[in-house]
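J.: The file below is structure19.csv, CSV, C-alpha atoms:
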```csv
chain,number,residue,atom,x,y,z
A,1,MET,CA,0.0,0.0,0.0
A,2,ARG,CA,2.7,2.3,1.0
A,3,THR,CA,4.6,1.5,-2.2
A,4,THR,CA,1.5,2.1,-4.2
A,5,VAL,CA,0.9,5.5,-2.7
A,6,ALA,CA,4.5,6.5,-3.3
A,7,LEU,CA,4.3,5.3,-6.8
A,8,GLY,CA,1.1,7.2,-7.4
A,9,ALA,CA,2.6,10.4,-6.0
A,10,ALA,CA,5.7,9.9,-8.1
A,11,LEU,CA,3.7,9.4,-11.2
A,12,ALA,CA,1.5,12.4,-10.6
A,13,ALA,CA,4.6,14.5,-10.0
A,14,LEU,CA,6.2,12.9,-13.0
A,15,SER,CA,3.5,14.0,-15.4
A,16,LEU,CA,3.4,17.4,-13.8
A,17,GLY,CA,7.1,17.7,-13.8
A,18,TYR,CA,7.4,16.7,-17.4
A,19,SER,CA,4.9,19.2,-18.7
A,20,THR,CA,6.4,22.0,-16.7
A,21,ALA,CA,10.0,21.2,-17.5
A,22,ALA,CA,9.2,20.8,-21.2
A,23,GLN,CA,7.8,24.2,-21.3
A,24,GLN,CA,10.6,25.8,-19.5
A,25,VAL,CA,13.4,24.4,-21.7
A,26,PRO,CA,14.1,26.6,-24.7
A,27,ALA,CA,14.5,24.7,-27.9
A,28,ASP,CA,18.0,26.0,-28.4
A,29,SER,CA,19.4,26.4,-25.0
A,30,THR,CA,22.5,28.5,-24.5
A,31,ALA,CA,21.9,29.8,-21.0
A,32,PRO,CA,24.8,30.0,-18.6
A,33,ALA,CA,25.8,26.9,-16.8
A,34,GLY,CA,24.1,26.1,-13.6
A,35,SER,CA,21.0,28.1,-14.4
A,36,GLY,CA,18.9,24.9,-14.9
A,37,GLY,CA,19.6,21.4,-13.9
A,38,ALA,CA,22.7,22.1,-11.9
A,39,ASN,CA,20.5,24.2,-9.6
A,40,ASN,CA,17.7,21.7,-9.4
A,41,PRO,CA,16.8,21.7,-5.7
A,42,ALA,CA,16.4,17.9,-5.6
A,43,LEU,CA,20.0,17.5,-6.5
A,44,VAL,CA,21.5,20.5,-4.8
A,45,GLY,CA,20.7,19.2,-1.4
A,46,SER,CA,19.9,21.1,1.7
A,47,VAL,CA,22.0,24.3,2.0
A,48,PRO,CA,22.1,25.4,5.7
A,49,ASP,CA,21.0,29.0,6.4
A,50,ALA,CA,24.1,29.6,8.5
A,51,PRO,CA,26.9,32.1,8.7
A,52,VAL,CA,29.9,31.6,6.4
A,53,PRO,CA,32.2,29.1,8.1
A,54,ARG,CA,35.7,30.1,9.1
A,55,LEU,CA,39.1,28.6,9.6
A,56,PRO,CA,40.8,28.7,13.0
A,57,ASP,CA,42.7,31.8,11.9
A,58,GLY,CA,39.5,33.6,11.1
A,59,THR,CA,39.6,33.6,7.4
A,60,PRO,CA,36.5,32.3,5.6
A,61,ASP,CA,36.5,28.6,4.8
A,62,LEU,CA,35.8,28.1,1.1
A,63,SER,CA,36.2,24.4,1.1
A,64,GLY,CA,33.4,22.3,-0.4
A,65,VAL,CA,32.0,21.3,-3.7
A,66,TRP,CA,30.7,24.1,-5.9
A,67,VAL,CA,29.1,24.2,-9.3
A,68,GLY,CA,30.1,27.1,-11.4
A,69,ALA,CA,27.8,29.5,-13.2
A,70,GLY,CA,28.5,32.5,-15.3
A,71,PRO,CA,29.0,33.9,-18.7
A,72,ILE,CA,30.6,30.9,-20.4
A,73,GLY,CA,28.6,31.3,-23.6
A,74,ASP,CA,29.6,34.9,-24.2
A,75,ILE,CA,31.8,36.6,-21.5
A,76,SER,CA,30.3,40.0,-22.4
A,77,SER,CA,27.0,38.8,-20.8
A,78,GLY,CA,28.8,38.8,-17.4
A,79,LEU,CA,30.4,42.2,-17.5
A,80,MET,CA,30.0,44.4,-14.4
A,81,PRO,CA,28.0,47.6,-14.9
A,82,GLY,CA,29.7,50.1,-17.0
A,83,GLN,CA,32.3,47.6,-18.3
A,84,GLN,CA,32.8,46.8,-22.0
A,85,LEU,CA,35.0,44.6,-24.1
A,86,ALA,CA,37.3,46.7,-26.2
A,87,LEU,CA,38.8,44.2,-28.6
A,88,LEU,CA,41.9,45.3,-30.5
A,89,PRO,CA,41.6,44.8,-34.3
A,90,ALA,CA,43.9,41.8,-34.5
A,91,ALA,CA,42.0,40.1,-31.6
A,92,GLU,CA,38.7,40.9,-33.3
A,93,ALA,CA,39.9,39.4,-36.6
A,94,LEU,CA,41.1,36.3,-34.7
A,95,MET,CA,37.7,35.9,-33.0
A,96,LYS,CA,35.8,36.2,-36.3
A,97,SER,CA,38.0,33.5,-37.8
A,98,ARG,CA,37.3,31.0,-35.1
A,99,MET,CA,35.3,27.8,-35.8
A,100,ALA,CA,33.2,26.1,-33.1
A,101,ALA,CA,35.0,22.8,-33.5
A,102,ASP,CA,38.3,24.5,-32.6
A,103,ASP,CA,37.1,25.5,-29.0
A,104,PRO,CA,39.7,23.8,-26.9
A,105,GLU,CA,37.1,22.9,-24.3
A,106,ALA,CA,35.1,21.0,-26.9
A,107,ARG,CA,38.4,19.1,-27.5
A,108,CYS,CA,38.7,18.2,-23.8
A,109,LEU,CA,41.3,20.9,-23.1
A,110,PRO,CA,41.2,23.2,-20.1
A,111,THR,CA,39.0,26.3,-19.9
A,112,GLY,CA,41.7,28.5,-18.4
A,113,VAL,CA,40.7,31.6,-16.5
A,114,PRO,CA,38.1,33.1,-15.9
A,115,ARG,CA,36.0,30.6,-17.8
A,116,ILE,CA,34.5,27.7,-15.8
A,117,ALA,CA,32.9,24.5,-17.0
A,118,PRO,CA,29.5,23.5,-15.7
A,119,TYR,CA,30.8,20.7,-13.7
A,120,PRO,CA,31.4,20.4,-9.9
A,121,TRP,CA,34.7,21.5,-8.5
A,122,ARG,CA,36.1,21.4,-4.9
A,123,ILE,CA,38.2,24.0,-3.1
A,124,VAL,CA,40.8,22.7,-0.8
A,125,GLN,CA,42.7,25.0,1.6
A,126,THR,CA,45.8,23.6,3.0
A,127,PRO,CA,47.3,25.1,6.1
A,128,ALA,CA,50.6,23.9,7.4
A,129,PHE,CA,52.4,25.0,10.6
A,130,GLY,CA,49.4,27.1,11.3
A,131,LYS,CA,49.6,29.1,8.1
A,132,PRO,CA,47.9,28.8,4.7
A,133,THR,CA,50.3,27.4,2.2
A,134,HIS,CA,48.3,26.4,-0.8
A,135,LEU,CA,44.8,26.5,-2.1
A,136,PHE,CA,43.7,24.0,-4.7
A,137,PHE,CA,40.8,23.9,-7.1
A,138,LEU,CA,40.0,20.3,-8.0
A,139,TYR,CA,38.0,20.2,-11.2
A,140,GLU,CA,35.8,17.2,-11.9
A,141,GLY,CA,35.6,18.6,-15.4
A,142,ASN,CA,36.2,20.0,-17.9
A,143,ILE,CA,38.9,18.9,-17.8
A,144,HIS,CA,39.6,16.6,-14.9
A,145,SER,CA,42.4,18.8,-13.6
A,146,PHE,CA,43.4,21.2,-10.9
A,147,ARG,CA,44.6,24.7,-10.2
A,148,GLN,CA,47.2,25.5,-7.7
A,149,VAL,CA,47.3,28.8,-5.8
A,150,PHE,CA,50.3,29.7,-3.6
A,151,MET,CA,49.2,31.3,-0.4
A,152,ASP,CA,52.6,31.5,1.3
A,153,GLY,CA,53.4,35.0,0.1
A,154,ARG,CA,55.7,34.2,-2.8
A,155,GLU,CA,55.9,36.4,-5.9
A,156,HIS,CA,55.4,35.3,-9.5
A,157,PRO,CA,58.7,33.9,-10.8
A,158,ASP,CA,60.2,35.8,-13.8
A,159,ASP,CA,61.0,32.8,-15.9
A,160,LEU,CA,57.4,31.5,-16.4
A,161,GLU,CA,56.6,29.4,-19.4
A,162,PRO,CA,53.0,29.9,-20.7
A,163,THR,CA,50.5,27.4,-19.3
A,164,TRP,CA,46.7,26.9,-19.4
A,165,TYR,CA,46.1,28.0,-15.8
A,166,GLY,CA,49.1,30.2,-15.4
A,167,HIS,CA,50.9,30.9,-12.1
A,168,SER,CA,48.6,32.0,-9.2
A,169,VAL,CA,49.4,33.6,-5.9
A,170,GLY,CA,46.7,34.4,-3.4
A,171,HIS,CA,46.1,36.6,-0.3
A,172,TRP,CA,43.2,37.7,1.8
A,173,GLU,CA,41.8,41.2,1.8
A,174,GLY,CA,39.3,41.1,4.6
A,175,ASP,CA,36.9,38.3,3.8
A,176,THR,CA,37.8,38.2,0.1
A,177,LEU,CA,40.3,35.9,-1.3
A,178,VAL,CA,42.3,37.6,-4.0
A,179,ILE,CA,44.1,35.5,-6.6
A,180,GLU,CA,46.5,37.1,-9.1
A,181,THR,CA,47.5,35.0,-12.1
A,182,VAL,CA,50.1,35.5,-14.9
A,183,GLY,CA,51.9,33.2,-17.3
A,184,PHE,CA,48.9,32.1,-19.4
A,185,ASN,CA,49.2,30.6,-22.8
A,186,ASP,CA,47.0,32.0,-25.5
A,187,LEU,CA,45.3,28.7,-26.4
A,188,PHE,CA,42.1,28.7,-24.4
A,189,TRP,CA,39.0,30.7,-25.3
A,190,PHE,CA,37.0,32.8,-22.8
A,191,ASP,CA,33.7,31.5,-24.1
A,192,PHE,CA,31.8,29.6,-26.8
A,193,VAL,CA,31.8,32.6,-29.1
A,194,GLY,CA,35.6,32.6,-29.1
A,195,HIS,CA,36.7,35.7,-27.3
A,196,PRO,CA,40.5,35.5,-27.5
A,197,HIS,CA,43.4,36.6,-25.3
A,198,SER,CA,47.1,36.9,-25.5
A,199,THR,CA,50.0,35.7,-23.4
A,200,GLN,CA,50.0,39.2,-21.8
A,201,LEU,CA,46.8,38.2,-20.0
A,202,ARG,CA,46.8,38.9,-16.2
A,203,THR,CA,43.8,38.1,-14.1
A,204,VAL,CA,42.8,39.2,-10.6
A,205,GLU,CA,40.0,37.1,-9.2
A,206,ARG,CA,38.2,38.1,-6.0
A,207,TYR,CA,36.4,35.3,-4.3
A,208,THR,CA,33.8,36.2,-1.7
A,209,ARG,CA,31.6,33.6,0.1
A,210,THR,CA,28.6,35.9,0.3
A,211,LYS,CA,26.4,33.3,1.8
A,212,PHE,CA,26.9,29.8,3.2
A,213,GLY,CA,25.9,28.4,-0.1
A,214,GLN,CA,27.1,31.1,-2.5
A,215,LEU,CA,30.5,32.1,-3.8
A,216,GLU,CA,30.9,35.2,-5.9
A,217,VAL,CA,33.9,35.7,-8.1
A,218,VAL,CA,34.6,39.1,-9.6
A,219,THR,CA,37.5,38.9,-12.1
A,220,THR,CA,39.4,41.7,-13.7
A,221,VAL,CA,40.9,40.7,-17.0
A,222,ASN,CA,43.8,42.8,-18.1
A,223,ASP,CA,45.2,41.9,-21.5
A,224,PRO,CA,46.8,44.7,-23.4
A,225,GLY,CA,47.6,42.2,-26.2
A,226,ALA,CA,44.0,41.7,-27.0
A,227,TYR,CA,41.9,44.4,-25.3
A,228,ALA,CA,42.3,48.2,-25.3
A,229,LYS,CA,41.4,48.3,-21.6
A,230,PRO,CA,40.8,45.9,-18.7
A,231,PHE,CA,37.3,44.6,-18.0
A,232,THR,CA,35.6,42.9,-15.0
A,233,VAL,CA,33.2,40.0,-15.1
A,234,LYS,CA,31.3,38.2,-12.4
A,235,PHE,CA,30.6,34.5,-11.9
A,236,THR,CA,28.5,33.0,-9.1
A,237,HIS,CA,29.0,29.5,-7.8
A,238,THR,CA,26.7,27.6,-5.6
A,239,LEU,CA,27.5,25.0,-2.9
A,240,ARG,CA,26.5,21.3,-3.3
A,241,PRO,CA,26.5,20.1,0.3
A,242,GLY,CA,27.3,16.4,0.6
A,243,TRP,CA,28.5,16.1,-2.9
A,244,ASP,CA,31.7,14.3,-3.8
A,245,LEU,CA,33.7,14.7,-7.0
A,246,MET,CA,33.6,11.9,-9.5
A,247,GLU,CA,36.0,10.8,-12.2
A,248,TYR,CA,35.6,12.5,-15.6
A,249,ILE,CA,38.0,11.6,-18.3
A,250,CYS,CA,36.8,13.8,-21.2
A,251,ASN,CA,38.9,12.3,-23.9
A,252,GLU,CA,37.9,8.6,-23.5
A,253,ASN,CA,35.1,8.9,-26.1
A,254,ASN,CA,34.9,12.5,-27.5
A,255,GLN,CA,33.0,12.1,-30.7
A,256,ASP,CA,31.7,15.7,-30.6
A,257,VAL,CA,34.4,17.6,-32.5
A,258,GLU,CA,34.0,15.7,-35.8
A,259,HIS,CA,30.3,16.6,-35.8
A,260,ILE,CA,30.5,20.3,-34.8
A,261,ARG,CA,29.9,22.7,-37.6
A,262,GLY,CA,30.1,26.4,-38.3
A,263,PRO,CA,31.7,29.5,-36.8
A,264,ALA,CA,32.2,29.8,-33.0
A,265,GLY,CA,28.9,30.8,-31.5
A,266,LEU,CA,26.2,30.1,-28.9
B,1,MET,CA,8.7,-1.8,-5.9
B,2,LYS,CA,10.8,-2.1,-9.0
B,3,ILE,CA,8.3,0.2,-10.8
B,4,ALA,CA,8.4,2.7,-8.0
B,5,ALA,CA,12.1,2.9,-8.1
B,6,THR,CA,11.9,3.5,-11.8
B,7,ALA,CA,9.4,6.3,-11.3
B,8,LEU,CA,11.7,7.9,-8.8
B,9,ILE,CA,14.6,7.8,-11.2
B,10,ALA,CA,12.4,9.3,-13.8
B,11,LEU,CA,11.5,12.1,-11.4
B,12,ALA,CA,15.1,12.8,-10.7
B,13,VAL,CA,16.0,12.9,-14.3
B,14,LEU,CA,13.0,15.0,-15.2
B,15,ALA,CA,14.0,17.6,-12.7
B,16,LEU,CA,17.2,18.1,-14.5
B,17,GLY,CA,15.4,19.6,-17.5
B,18,GLY,CA,16.8,23.0,-17.4
B,19,PRO,CA,19.1,24.9,-19.7
B,20,ALA,CA,22.8,25.0,-19.0
B,21,ALA,CA,25.9,24.8,-21.2
B,22,ALA,CA,28.0,21.7,-21.7
B,23,HIS,CA,31.6,21.4,-22.8
B,24,HIS,CA,30.6,22.5,-26.3
B,25,SER,CA,27.9,24.7,-27.8
B,26,PHE,CA,24.8,22.6,-28.4
B,27,ALA,CA,23.8,24.5,-31.5
B,28,ALA,CA,27.2,23.9,-33.1
B,29,GLN,CA,26.7,20.2,-33.1
B,30,TYR,CA,22.9,19.7,-33.4
B,31,ASP,CA,20.2,21.6,-35.3
B,32,ALA,CA,17.3,22.4,-33.0
B,33,ASP,CA,15.2,23.2,-36.1
B,34,LYS,CA,15.5,19.5,-37.1
B,35,PRO,CA,13.8,17.6,-34.4
B,36,VAL,CA,13.7,13.8,-34.8
B,37,THR,CA,11.8,11.0,-33.1
B,38,LEU,CA,13.4,7.6,-33.4
B,39,LYS,CA,12.0,4.3,-32.3
B,40,GLY,CA,14.4,1.3,-32.2
B,41,VAL,CA,16.2,-1.4,-30.4
B,42,VAL,CA,19.3,-0.6,-28.3
B,43,THR,CA,22.4,-2.3,-29.8
B,44,ARG,CA,25.1,-0.8,-27.6
B,45,VAL,CA,25.6,1.5,-24.6
B,46,GLU,CA,28.8,3.5,-24.0
B,47,TRP,CA,29.0,4.8,-20.4
B,48,THR,CA,31.8,7.2,-21.3
B,49,ASN,CA,32.8,10.8,-21.2
B,50,PRO,CA,32.3,13.5,-22.3
B,51,HIS,CA,28.9,12.0,-23.1
B,52,ALA,CA,27.3,8.7,-22.4
B,53,ARG,CA,26.0,7.3,-25.7
B,54,PHE,CA,23.8,4.5,-26.9
B,55,TYR,CA,23.1,3.2,-30.3
B,56,ILE,CA,19.8,1.9,-31.7
B,57,ASP,CA,18.7,0.0,-34.8
B,58,VAL,CA,15.8,1.8,-36.5
B,59,LYS,CA,13.9,0.3,-39.4
B,60,ASP,CA,13.9,2.5,-42.5
B,61,GLU,CA,11.1,2.5,-45.1
B,62,ARG,CA,12.4,-0.6,-46.7
B,63,GLY,CA,12.6,-2.5,-43.5
B,64,ASN,CA,16.4,-2.3,-43.2
B,65,ASN,CA,18.0,-1.6,-39.9
B,66,VAL,CA,19.8,1.7,-39.7
B,67,ASN,CA,22.1,2.2,-36.7
B,68,TRP,CA,21.8,5.6,-34.9
B,69,ASN,CA,24.3,7.2,-32.5
B,70,LEU,CA,22.6,9.0,-29.6
B,71,GLU,CA,24.1,11.4,-27.1
B,72,LEU,CA,23.2,11.4,-23.4
B,73,ALA,CA,24.5,13.6,-20.6
B,74,SER,CA,27.9,12.9,-19.1
B,75,PRO,CA,27.9,9.7,-16.9
B,76,ASN,CA,28.4,11.8,-13.8
B,77,TYR,CA,25.3,13.9,-14.4
B,78,LEU,CA,23.3,10.8,-15.2
B,79,LYS,CA,24.5,9.0,-12.1
B,80,ARG,CA,23.7,11.9,-9.8
B,81,ALA,CA,20.2,12.0,-11.4
B,82,GLY,CA,19.6,8.3,-10.7
B,83,TRP,CA,20.7,6.6,-13.9
B,84,SER,CA,23.2,3.8,-14.0
B,85,SER,CA,25.2,2.2,-16.8
B,86,THR,CA,22.5,-0.4,-17.0
B,87,SER,CA,19.5,1.9,-17.2
B,88,LEU,CA,19.5,1.2,-20.9
B,89,LYS,CA,20.3,-2.3,-22.0
B,90,GLN,CA,21.0,-4.0,-25.3
B,91,GLY,CA,17.7,-5.2,-26.7
B,92,ASP,CA,15.5,-2.6,-25.0
B,93,GLU,CA,13.0,-1.0,-27.4
B,94,VAL,CA,13.1,2.7,-26.8
B,95,THR,CA,11.8,5.9,-28.3
B,96,VAL,CA,14.2,8.9,-28.5
B,97,GLU,CA,13.3,12.5,-29.1
B,98,GLY,CA,16.1,14.9,-30.0
B,99,SER,CA,17.7,17.0,-32.7
B,100,LEU,CA,19.7,15.8,-35.7
B,101,ALA,CA,23.4,16.3,-35.9
B,102,ARG,CA,24.6,19.1,-38.3
B,103,SER,CA,27.2,16.7,-39.7
B,104,GLY,CA,24.5,14.7,-41.5
B,105,ALA,CA,25.5,11.5,-39.7
B,106,ASN,CA,22.9,9.2,-38.2
B,107,MET,CA,23.4,11.0,-34.9
B,108,ALA,CA,21.1,12.9,-32.6
B,109,ASN,CA,21.0,14.2,-29.1
B,110,ALA,CA,18.8,12.1,-26.9
B,111,ARG,CA,16.9,14.8,-25.1
B,112,LEU,CA,14.0,12.6,-24.1
B,113,VAL,CA,14.0,8.8,-23.8
B,114,THR,CA,11.0,6.7,-23.5
B,115,PHE,CA,11.9,3.4,-21.8
B,116,PRO,CA,10.2,0.0,-22.5
B,117,ASN,CA,7.9,0.5,-19.5
B,118,GLY,CA,6.6,3.8,-21.0
B,119,THR,CA,8.5,6.1,-18.6
B,120,ARG,CA,9.6,9.2,-20.6
B,121,VAL,CA,12.6,11.1,-19.1
B,122,PHE,CA,14.9,13.9,-19.9
B,123,ALA,CA,18.4,12.6,-20.6
B,124,ARG,CA,20.2,15.9,-20.2
B,125,SER,CA,22.0,15.9,-23.5
B,126,SER,CA,24.2,18.8,-24.4
B,127,GLN,CA,21.0,20.7,-25.2
B,128,ASP,CA,20.2,20.8,-21.5
B,129,GLY,CA,23.7,21.0,-20.1
B,130,GLY,CA,25.0,17.5,-20.0
```
Translate the structure of the given file into structure tokens.
T.:
Amino acid sequence: MRTTVALGAALAALSLGYSTAAQQVPADSTAPAGSGGANNPALVGSVPDAPVPRLPDGTPDLSGVWVGAGPIGDISSGLMPGQQLALLPAAEALMKSRMAADDPEARCLPTGVPRIAPYPWRIVQTPAFGKPTHLFFLYEGNIHSFRQVFMDGREHPDDLEPTWYGHSVGHWEGDTLVIETVGFNDLFWFDFVGHPHSTQLRTVERYTRTKFGQLEVVTTVNDPGAYAKPFTVKFTHTLRPGWDLMEYICNENNQDVEHIRGPAGL
Amino acid sequence: MKIAATALIALAVLALGGPAAAHHSFAAQYDADKPVTLKGVVTRVEWTNPHARFYIDVKDERGNNVNWNLELASPNYLKRAGWSSTSLKQGDEVTVEGSLARSGANMANARLVTFPNGTRVFARSSQDGG
């Protein structure tokens, strides 16, 4: 009897859920990551209405699994008020030449910074001898990789070779974690529409856990090799209490690229 | 009880039906203006990244089997939503609603899958963020 009732309720909700969901999903969805399924309450879990947790030294504790959301389709949609993208002519020409199949992320290569993939990622803060030494972003995807942020006060080295995630050093300004990164390669794209950058790219990311379950990241992108002036974009990540990361090996069966057609776009 | 479990899985999957971006632009790979409904028999399931895939034999007008390649969400999304690698099995007769690949191949995104028991669920393809 109990099973029957549960089944009946499930089926009733099922039909209701389907019709509602079907109406809400646009035929050609390009909305930012996390705006739909990733924020589904049934999967998000219960987020405590509690103060932002803190480490013994008083700094906010950012650890946990987050799902990223922000302007990954077109970075210009995440610009802070008054900001604009001022592409230099060569960068604009490069962007116009890009084909969708050439987006490194579609080819299972990293997103770089500030782009995030719509997959869960975990922040790990590692204190040693009572002081923070490193902070790691462990990405489930895409790709299954990590970012390393040095929290021990070191400077950027002057002999950096360009890499996908660059060289990151972090410090706290009040309750905001500030991460400065240099040493990027010019291979990753900022978004699906193919906004480019150069190896002169420098980013300053400001992470603020505005609520127990919310992490805002305001990133200033300064790249005189591709943009006439810096610009600032915002991403907002949401906590997934109780989630664990899972394995995600993007390249084991990537059939997408050979079927992607046309210029870079949404 | 088995049926109830299936219904709950369906609920979990249905609830995922919102827009989000995957690791590539949906519109670059599939044409939302070319919807397709395919009914056929599962020949193979690939529980792999970046997308789980399954293949079905569909009878054409002359009665010949044509094999179609169908995209699901990533295995992790599916797993969190209640699917498993055995939710679809070889020999299952299913109906798939999706959009055709732009490449012209016998490929589509499996946005909605109707299982042999009639349960119709979102499969969170790249159209919906998988």
J.: Quick check, in Å to one decimal: how far apart do atom CA of A:Phe146 and atom CA of A:His134 lie?
T.: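 According to the coordinates, atom CA of A:Phe146 and atom CA of A:His134 are separated by 12.4 Å.
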J.: Write out as a PyMOL selection string the residues lying within 10 Å of A:Ala50, counting all atoms listed in the file and excluding same-chain residues fewer than 2 positions away.
T.: chain A and resi 47-48+52-53+211-213
J.: Here is a test: counting only C-alpha atoms, which residue of A:Gly141, A:Gly183, A:Gly112, A:Pro162 is nearest to chain B?
T.: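 Closest candidate: A:Gly141.
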J.: Would you mind telling me which residue in A:Ile260, A:Leu160, A:Ala93, A:Val67 lies nearest to A:Tyr119 when using all atoms listed in the file?
T.: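 Nearest candidate to A:Tyr119 out of A:Ile260, A:Leu160, A:Ala93, A:Val67: A:Val67.
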J.: Find the residues near A:Lys229: any atom within 9 Å, counting only C-alpha atoms, skip ones fewer than 2 places away on the same chain, and give them as a PDB file with C-alpha atoms, in the frame of the given file.
T.:
```pdb
ATOM      1  CA  GLN A  84      32.800  46.800 -22.000  1.00  0.00           C
ATOM      2  CA  LEU A  85      35.000  44.600 -24.100  1.00  0.00           C
ATOM      3  CA  ALA A  86      37.300  46.700 -26.200  1.00  0.00           C
ATOM      4  CA  LEU A  87      38.800  44.200 -28.600  1.00  0.00           C
ATOM      5  CA  VAL A 221      40.900  40.700 -17.000  1.00  0.00           C
ATOM      6  CA  ASN A 222      43.800  42.800 -18.100  1.00  0.00           C
ATOM      7  CA  ASP A 223      45.200  41.900 -21.500  1.00  0.00           C
ATOM      8  CA  PRO A 224      46.800  44.700 -23.400  1.00  0.00           C
ATOM      9  CA  ALA A 226      44.000  41.700 -27.000  1.00  0.00           C
ATOM     10  CA  TYR A 227      41.900  44.400 -25.300  1.00  0.00           C
ATOM     11  CA  PHE A 231      37.300  44.600 -18.000  1.00  0.00           C
TER      12      PHE A 231
END
```
J.: Take the point (9.6, -0.8, -22.6) as written in the file and pick out every residue within 12 Å of it, counting only C-alpha atoms; give the list as JSON, numbers by chain.
T.: {"B": [3, 6, 39, 40, 41, 42, 87, 88, 89, 91, 92, 93, 94, 95, 113, 114, 115, 116, 117, 118, 119, 120]}
J.: Those residues with C-alpha atoms, as an mmCIF file, in the coordinates of the input please?
T.:
```cif
data_model
loop_
_atom_site.group_PDB
_atom_site.id
_atom_site.type_symbol
_atom_site.label_atom_id
_atom_site.label_comp_id
_atom_site.auth_asym_id
_atom_site.auth_seq_id
_atom_site.Cartn_x
_atom_site.Cartn_y
_atom_site.Cartn_z
ATOM 1 C CA ILE B 3 8.300 0.200 -10.800
ATOM 2 C CA THR B 6 11.900 3.500 -11.800
ATOM 3 C CA LYS B 39 12.000 4.300 -32.300
ATOM 4 C CA GLY B 40 14.400 1.300 -32.200
ATOM 5 C CA VAL B 41 16.200 -1.400 -30.400
ATOM 6 C CA VAL B 42 19.300 -0.600 -28.300
ATOM 7 C CA SER B 87 19.500 1.900 -17.200
ATOM 8 C CA LEU B 88 19.500 1.200 -20.900
ATOM 9 C CA LYS B 89 20.300 -2.300 -22.000
ATOM 10 C CA GLY B 91 17.700 -5.200 -26.700
ATOM 11 C CA ASP B 92 15.500 -2.600 -25.000
ATOM 12 C CA GLU B 93 13.000 -1.000 -27.400
ATOM 13 C CA VAL B 94 13.100 2.700 -26.800
ATOM 14 C CA THR B 95 11.800 5.900 -28.300
ATOM 15 C CA VAL B 113 14.000 8.800 -23.800
ATOM 16 C CA THR B 114 11.000 6.700 -23.500
ATOM 17 C CA PHE B 115 11.900 3.400 -21.800
ATOM 18 C CA PRO B 116 10.200 0.000 -22.500
ATOM 19 C CA ASN B 117 7.900 0.500 -19.500
ATOM 20 C CA GLY B 118 6.600 3.800 -21.000
ATOM 21 C CA THR B 119 8.500 6.100 -18.600
ATOM 22 C CA ARG B 120 9.600 9.200 -20.600
#
```
J.: Name the residues within 9 Å of (57.0, 30.3, -6.6), counting all atoms listed in the file in the file's coordinates, and put them as a list in words.
T.: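 In the file's frame, the residues around the point are Phe150, Gly153, Arg154, Glu155, His156, Pro157, His167, Ser168 and Val169 of chain A.
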J.: Quick one: pull the distance between atom CA of B:Gln90 and atom CA of B:Asn65, Å, one decimal.
T.: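 Between atom CA of B:Gln90 and atom CA of B:Asn65 the gap is 15.1 Å.
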J.: Would you mind telling me which residue in B:Ala101, B:Leu112, B:Leu78, B:Val58 lies nearest to chain A when using all atoms listed in the file?
T.: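 Comparing B:Ala101, B:Leu112, B:Leu78, B:Val58 against chain A, the winner is B:Ala101.
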J.: Could you tell me which of B:Val96, B:Leu72, B:Val45, B:Met107 comes closest to chain A if we count only C-alpha atoms?
T.: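 For chain A, the nearest of the given residues is B:Met107.
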J.: Quick one: residues within 12 Å of A:Ser145, all atoms listed in the file counted, chain neighbours fewer than 6 positions away excluded, as a tab-separated table (two decimals) with C-alpha atoms, in the frame of the given file?
T.:
```
chain	number	residue	atom	x	y	z
A	108	CYS	CA	38.70	18.20	-23.80
A	109	LEU	CA	41.30	20.90	-23.10
A	110	PRO	CA	41.20	23.20	-20.10
A	111	THR	CA	39.00	26.30	-19.90
A	112	GLY	CA	41.70	28.50	-18.40
A	117	ALA	CA	32.90	24.50	-17.00
A	119	TYR	CA	30.80	20.70	-13.70
A	120	PRO	CA	31.40	20.40	-9.90
A	121	TRP	CA	34.70	21.50	-8.50
A	122	ARG	CA	36.10	21.40	-4.90
A	136	PHE	CA	43.70	24.00	-4.70
A	137	PHE	CA	40.80	23.90	-7.10
A	138	LEU	CA	40.00	20.30	-8.00
A	139	TYR	CA	38.00	20.20	-11.20
A	164	TRP	CA	46.70	26.90	-19.40
A	165	TYR	CA	46.10	28.00	-15.80
A	245	LEU	CA	33.70	14.70	-7.00
A	246	MET	CA	33.60	11.90	-9.50
A	247	GLU	CA	36.00	10.80	-12.20
A	248	TYR	CA	35.60	12.50	-15.60
A	249	ILE	CA	38.00	11.60	-18.30
A	250	CYS	CA	36.80	13.80	-21.20
```
J.: Give the answer as one residue: which of B:Arg102, B:Ser84, B:Lys34, B:Phe54 has the shortest atom-to-atom distance to chain A, using all atoms listed in the file?
T.: B:Arg102
J.: To one decimal place in Å, what is the distance between atom CA of B:Ala110 and atom CA of A:Arg107?
T.: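 Going from atom CA of B:Ala110 over to atom CA of A:Arg107, I get 20.8 Å.
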J.: Between B:Pro50, B:Leu38, B:Arg111, B:Ala123, which one has atoms that come closest to chain A, using only C-alpha atoms?
T.: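 Closest to chain A of all the choices is B:Pro50.
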J.: Excluding same-chain residues fewer than 5 positions from A:Ala100, what lies within 12 Å of it counting all atoms listed in the file, as an MDAnalysis selection string?
T.: (chainID A and resid 73 95 105:107 189 191:195 256:266) or (chainID B and resid 23:29)
